[in-house]
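What follows is a single structure, written as structure tokens, with notes after it.
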Amino acid sequence: MWHRDPHARSLRLAAVIVLALASGVIASARASTAPASPPPTALSSGELYATLSSTELTLGAATSVTGRLAAGVAARAGVALALQADPYPYGRFATLAHATSSADGSFSFDGIRPDRNTRLRVVGEGVPSSASRVLEVTVDPRILGGARSLGPGRVRLTIRVRHAITEEKHAAAVRWFLGARGSRVFRLAANTVSRELAPGVTYASVVVDPPFKRFVWRACMNPSWEGAMGTAWSHRRCPEATFVAGRDAR
């Protein structure tokens, strides 16, 4: 799920801003960062053991692949290794970087910044048929939301999303939902379309008349690049009318 809680600024209407842009599903209202990554799990195949420092990233963040090359209980030093990546839509691994195992057999590939969901593996260039299991990295878009009072009964809501650059480019329908603070019920307030400010930057805005003095809002769209980012379970269609947070909104 792609979460962001911008809380951009306090309005005179005392609005509480909660942005939840997912590829078709409304996210948890209280999330303020990308979901926490589960603790790394060592993966092995043959003599190569590899671990990811983070399995889920926000676009622009880095992860590392570390591990050890061993023959039985003995470390293998001085072996040439390659880090390979297969980004969405998957189909072919290509080498990203090279390293050499140290005296204790350990190795590290740092500063890996995928721009979309990517599969990684480490292969032994000097060890035929030696490879780690595939490590999967989920990359979430970077989302910035804002709200600004334009006077009594007029508030402008905006979202700006940095995401993977894909060949398919088209405007996406954006649905804007408003709810009273503390309520789980969100009602459709407006429909707009997104536009691309630059390659990999999507923007949308709307002016609404909030029905509550204190309110939360959510925006949802199914962009053309959604399959390249985020978890598979987040790729559901946006609600078309009123929905209750926490329930399946399809």
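Order determines the names: the first chain of the structure tokens is A, the second B, and so forth; residues in each chain are numbered 1 upward, and ligands are numbered 1 upward as they are shown.
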message: as a PyMOL selection string, please: the residues near Gly227 (chain A) (cut-off 10 Å, only C-alpha atoms, same-chain neighbours under 5 positions excluded).
response: chain A and resi 23+88-89+116-117+164+222+232+234-235
- If you count only C-alpha atoms, which residues fall within 10 Å of Leu197 (chain A), apart from same-chain ones fewer than 5 positions away, as a ChimeraX atom specification? /A:160-161,202-204
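With only C-alpha atoms taken into account, the protein and nucleic acid residues at most 8 Å from region 67-71 of chain A (excluding it and anything under 6 positions from it in its own chain) are Glu47, Leu48, Tyr49, Ala50, Thr51, Ala77, Ser101, Asp104, Gly105, Ser106, Phe107 and Ser108 of chain A.
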Kindly indicate which residue among A:Arg133, A:Arg113, A:Arg154, A:Arg187 lies nearest to Arg175 (chain A), using only C-alpha atoms for the distances.
->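 Counting only C-alpha atoms, the residue closest to Arg175 (chain A) is A:Arg187.
In this comparison, which uses only C-alpha atoms, the residue of A:Val244, A:Ala190, A:Ala94, A:Val208 approaching Arg119 (chain A) most closely is A:Ala94.
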Pick out each residue of region 81-123 of chain A that DSSP on the backbone tags as strand (DSSP E or B); I need them as a VMD selection string. chain A and resid 81 to 87 94 to 100 106 to 112 118 to 123
request  = Would you mind reading off the distance between CA of Trp233 (chain A) and CA of Arg184 (chain A), one decimal, in Å?
outcome  =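 Distance between the two atoms: 21.0 Å.
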Review point. Which residue gives the smallest distance to Gly151 (chain A) among A:Ala219, A:Leu52, A:Ala82, A:Val207, with only C-alpha atoms counted?
Key: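 Result for the nearest residue to Gly151 (chain A): A:Val207.
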Practice prompt. For CA of Ala103 (chain A) and CA of Ala62 (chain A), determine how far apart the two atoms are, in Å to one decimal place.
Written response: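 Here the two named atoms are 26.2 Å from each other.
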